[in-house]
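I have placed the structure first, in the form of structure tokens, so that the comments after it can refer back to it.
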Amino acid sequence: MERLRERAQAFSDKVVQAEAFSVDDRTGNLLLCSSPKASDCSPTNPPVPISYLTRCPPDLRAINLNHWLRKEGGRNFFLRFDGWSATGS
């Protein structure tokens, strides 16, 4: 129980705009920026099915995911973070 309590302290919940995400076309990594127009972006674990991401080449992954992130426009996503690792919907 103590271990779980310690881990829970690292968790944080955030609502993030779709525009704050982008996918690096070279690496295929999902990046989360502090705001939609910020240049300070950090890699994060994607709230996208990993089975899709592992089968898709990085450049195609970036094209597809960036397209859908932009199409979602003002949509917000709820993310639970463990450091910079995120899960969400």
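Identifiers in this document derive from the order of the structure tokens: chains are assigned A, B, ..., residues are numbered from 1 separately in each chain, and ligands are numbered from 1 in order of occurrence.
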Query - Residue neighbourhood stretch 21-23 of chain A, 6 Å, only C-alpha atoms, exclusion window fewer than 3 positions, as a list of chain:residue names - result: A:Ala18, A:Gly28, A:Asn29, A:Leu30, A:Leu31, A:Leu32, A:Ala62, A:Asn66
Kindly save the residues from that selection, with C-alpha atoms included, as a JSON list (two decimals), in the first residue's frame.
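Result file is again.json:
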```
[["chain", "number", "residue", "atom", "x", "y", "z"],
["A", 18, "ALA", "CA", -5.48, 18.82, -29.34],
["A", 28, "GLY", "CA", 7.32, 9.33, -34.88],
["A", 29, "ASN", "CA", 7.29, 10.43, -31.22],
["A", 30, "LEU", "CA", 4.24, 12.15, -29.83],
["A", 31, "LEU", "CA", 5.23, 15.58, -28.49],
["A", 32, "LEU", "CA", 3.29, 17.57, -25.92],
["A", 62, "ALA", "CA", 3.34, 11.74, -38.13],
["A", 66, "ASN", "CA", -0.91, 15.34, -37.06]]
```
Requested in this report: List every residue of chain A that DSSP, applied to the backbone of this structure, places in strand (DSSP E or B), and write the result as a list in words.
Outcome: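 So, restricting chain A to strand (DSSP E or B), we get Phe11, Ser12, Asp13, Lys14, Val15, Val16, Gln17, Phe21, Ser22, Val23, Leu30, Leu31, Leu32, Cys33, Cys41, Ser42, Pro43, Thr44, Asn76, Phe77, Phe78, Leu79, Arg80, Phe81, Asp82, Ser85, Ala86, Thr87 and Gly88 of chain A.
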Apply DSSP to the backbone of this structure and, from chain A, keep only the residues in helix (DSSP H, G or I); write these as an mmCIF file with N, CA and C atoms, in the first residue's frame.
```
data_model
loop_
_atom_site.group_PDB
_atom_site.id
_atom_site.type_symbol
_atom_site.label_atom_id
_atom_site.label_comp_id
_atom_site.auth_asym_id
_atom_site.auth_seq_id
_atom_site.Cartn_x
_atom_site.Cartn_y
_atom_site.Cartn_z
ATOM 1 N N GLU A 2 1.946 1.211 0.768
ATOM 2 C CA GLU A 2 2.828 2.370 0.826
ATOM 3 C C GLU A 2 3.430 2.660 -0.553
ATOM 4 N N ARG A 3 3.794 1.629 -1.257
ATOM 5 C CA ARG A 3 4.371 1.781 -2.591
ATOM 6 C C ARG A 3 3.374 2.450 -3.542
ATOM 7 N N LEU A 4 2.115 2.045 -3.454
ATOM 8 C CA LEU A 4 1.089 2.648 -4.290
ATOM 9 C C LEU A 4 0.874 4.118 -3.932
ATOM 10 N N ARG A 5 0.886 4.428 -2.663
ATOM 11 C CA ARG A 5 0.735 5.826 -2.233
ATOM 12 C C ARG A 5 1.889 6.683 -2.770
ATOM 13 N N GLU A 6 3.104 6.145 -2.711
ATOM 14 C CA GLU A 6 4.258 6.874 -3.230
ATOM 15 C C GLU A 6 4.131 7.114 -4.734
ATOM 16 N N ARG A 7 3.705 6.089 -5.448
ATOM 17 C CA ARG A 7 3.541 6.234 -6.901
ATOM 18 C C ARG A 7 2.457 7.232 -7.248
ATOM 19 N N ALA A 8 1.378 7.219 -6.478
ATOM 20 C CA ALA A 8 0.256 8.116 -6.747
ATOM 21 C C ALA A 8 0.668 9.579 -6.638
ATOM 22 N N ALA A 18 -6.032 19.626 -28.246
ATOM 23 C CA ALA A 18 -5.477 18.823 -29.337
ATOM 24 C C ALA A 18 -4.308 19.535 -30.011
ATOM 25 N N GLU A 19 -4.390 20.866 -30.112
ATOM 26 C CA GLU A 19 -3.341 21.638 -30.787
ATOM 27 C C GLU A 19 -2.010 21.612 -30.051
ATOM 28 N N ALA A 20 -2.004 21.208 -28.783
ATOM 29 C CA ALA A 20 -0.756 21.157 -28.018
ATOM 30 C C ALA A 20 0.056 19.900 -28.349
ATOM 31 N N ILE A 50 -1.243 1.456 -29.119
ATOM 32 C CA ILE A 50 0.152 1.140 -29.438
ATOM 33 C C ILE A 50 0.258 0.159 -30.608
ATOM 34 N N SER A 51 -0.748 -0.705 -30.795
ATOM 35 C CA SER A 51 -0.703 -1.651 -31.908
ATOM 36 C C SER A 51 -0.678 -0.918 -33.245
ATOM 37 N N TYR A 52 -1.389 0.198 -33.352
ATOM 38 C CA TYR A 52 -1.356 1.008 -34.575
ATOM 39 C C TYR A 52 0.016 1.642 -34.750
ATOM 40 N N LEU A 53 0.517 2.236 -33.685
ATOM 41 C CA LEU A 53 1.773 2.974 -33.779
ATOM 42 C C LEU A 53 2.957 2.091 -34.114
ATOM 43 N N THR A 54 2.994 0.890 -33.603
ATOM 44 C CA THR A 54 4.137 0.017 -33.870
ATOM 45 C C THR A 54 4.142 -0.499 -35.304
ATOM 46 N N ARG A 55 2.994 -0.552 -35.953
ATOM 47 C CA ARG A 55 2.930 -1.040 -37.334
ATOM 48 C C ARG A 55 3.139 0.059 -38.368
ATOM 49 N N PRO A 58 7.443 5.834 -38.914
ATOM 50 C CA PRO A 58 7.415 7.145 -38.247
ATOM 51 C C PRO A 58 6.887 8.290 -39.109
ATOM 52 N N ASP A 59 7.305 8.377 -40.368
ATOM 53 C CA ASP A 59 6.860 9.507 -41.191
ATOM 54 C C ASP A 59 5.370 9.440 -41.496
ATOM 55 N N LEU A 60 4.857 8.244 -41.766
ATOM 56 C CA LEU A 60 3.423 8.078 -42.026
ATOM 57 C C LEU A 60 2.620 8.285 -40.742
ATOM 58 N N ARG A 61 3.150 7.812 -39.627
ATOM 59 C CA ARG A 61 2.519 8.021 -38.320
ATOM 60 C C ARG A 61 2.348 9.520 -38.065
ATOM 61 N N ALA A 62 3.399 10.289 -38.343
ATOM 62 C CA ALA A 62 3.343 11.737 -38.133
ATOM 63 C C ALA A 62 2.289 12.383 -39.029
ATOM 64 N N ILE A 63 2.261 12.010 -40.289
ATOM 65 C CA ILE A 63 1.271 12.577 -41.215
ATOM 66 C C ILE A 63 -0.143 12.282 -40.732
ATOM 67 N N ASN A 64 -0.415 11.021 -40.401
ATOM 68 C CA ASN A 64 -1.764 10.628 -39.987
ATOM 69 C C ASN A 64 -2.187 11.286 -38.679
ATOM 70 N N LEU A 65 -1.356 11.159 -37.659
ATOM 71 C CA LEU A 65 -1.742 11.686 -36.351
ATOM 72 C C LEU A 65 -1.801 13.210 -36.342
ATOM 73 N N ASN A 66 -0.852 13.876 -37.006
ATOM 74 C CA ASN A 66 -0.907 15.341 -37.065
ATOM 75 C C ASN A 66 -2.161 15.816 -37.800
ATOM 76 N N HIS A 67 -2.541 15.097 -38.845
ATOM 77 C CA HIS A 67 -3.784 15.438 -39.562
ATOM 78 C C HIS A 67 -4.975 15.365 -38.617
ATOM 79 N N TRP A 68 -5.108 14.273 -37.878
ATOM 80 C CA TRP A 68 -6.268 14.107 -37.005
ATOM 81 C C TRP A 68 -6.220 15.043 -35.806
ATOM 82 N N LEU A 69 -5.053 15.328 -35.298
ATOM 83 C CA LEU A 69 -4.952 16.293 -34.199
ATOM 84 C C LEU A 69 -5.407 17.680 -34.651
ATOM 85 N N ARG A 70 -5.034 18.092 -35.853
ATOM 86 C CA ARG A 70 -5.456 19.397 -36.367
ATOM 87 C C ARG A 70 -6.949 19.406 -36.688
ATOM 88 N N LYS A 71 -7.447 18.299 -37.188
ATOM 89 C CA LYS A 71 -8.878 18.200 -37.516
ATOM 90 C C LYS A 71 -9.736 18.299 -36.254
#
```
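When atom CA of A:Asp13 is paired with atom CA of A:Cys56, their separation reads 28.6 Å.
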Distance query A:Val16 at most 8 Å, only C-alpha atoms, self and fewer than 4 positions along chain excluded, as a tab-separated table (two decimals) with C-alpha atoms, in the first residue's frame:
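Produced file part.tsv, reproduced below:
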```tsv
chain	number	residue	atom	x	y	z
A	20	ALA	CA	-0.76	21.16	-28.02
A	76	ASN	CA	-9.71	18.80	-25.26
A	77	PHE	CA	-8.21	15.54	-24.08
A	78	PHE	CA	-8.10	14.36	-20.48
A	79	LEU	CA	-4.69	12.88	-19.67
```
Query raised in the report: Which distance in Å separates atom CA of A:Asp40 and atom CA of A:Arg80, to one decimal?
Result: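 Between atom CA of A:Asp40 and atom CA of A:Arg80 the gap is 19.9 Å.
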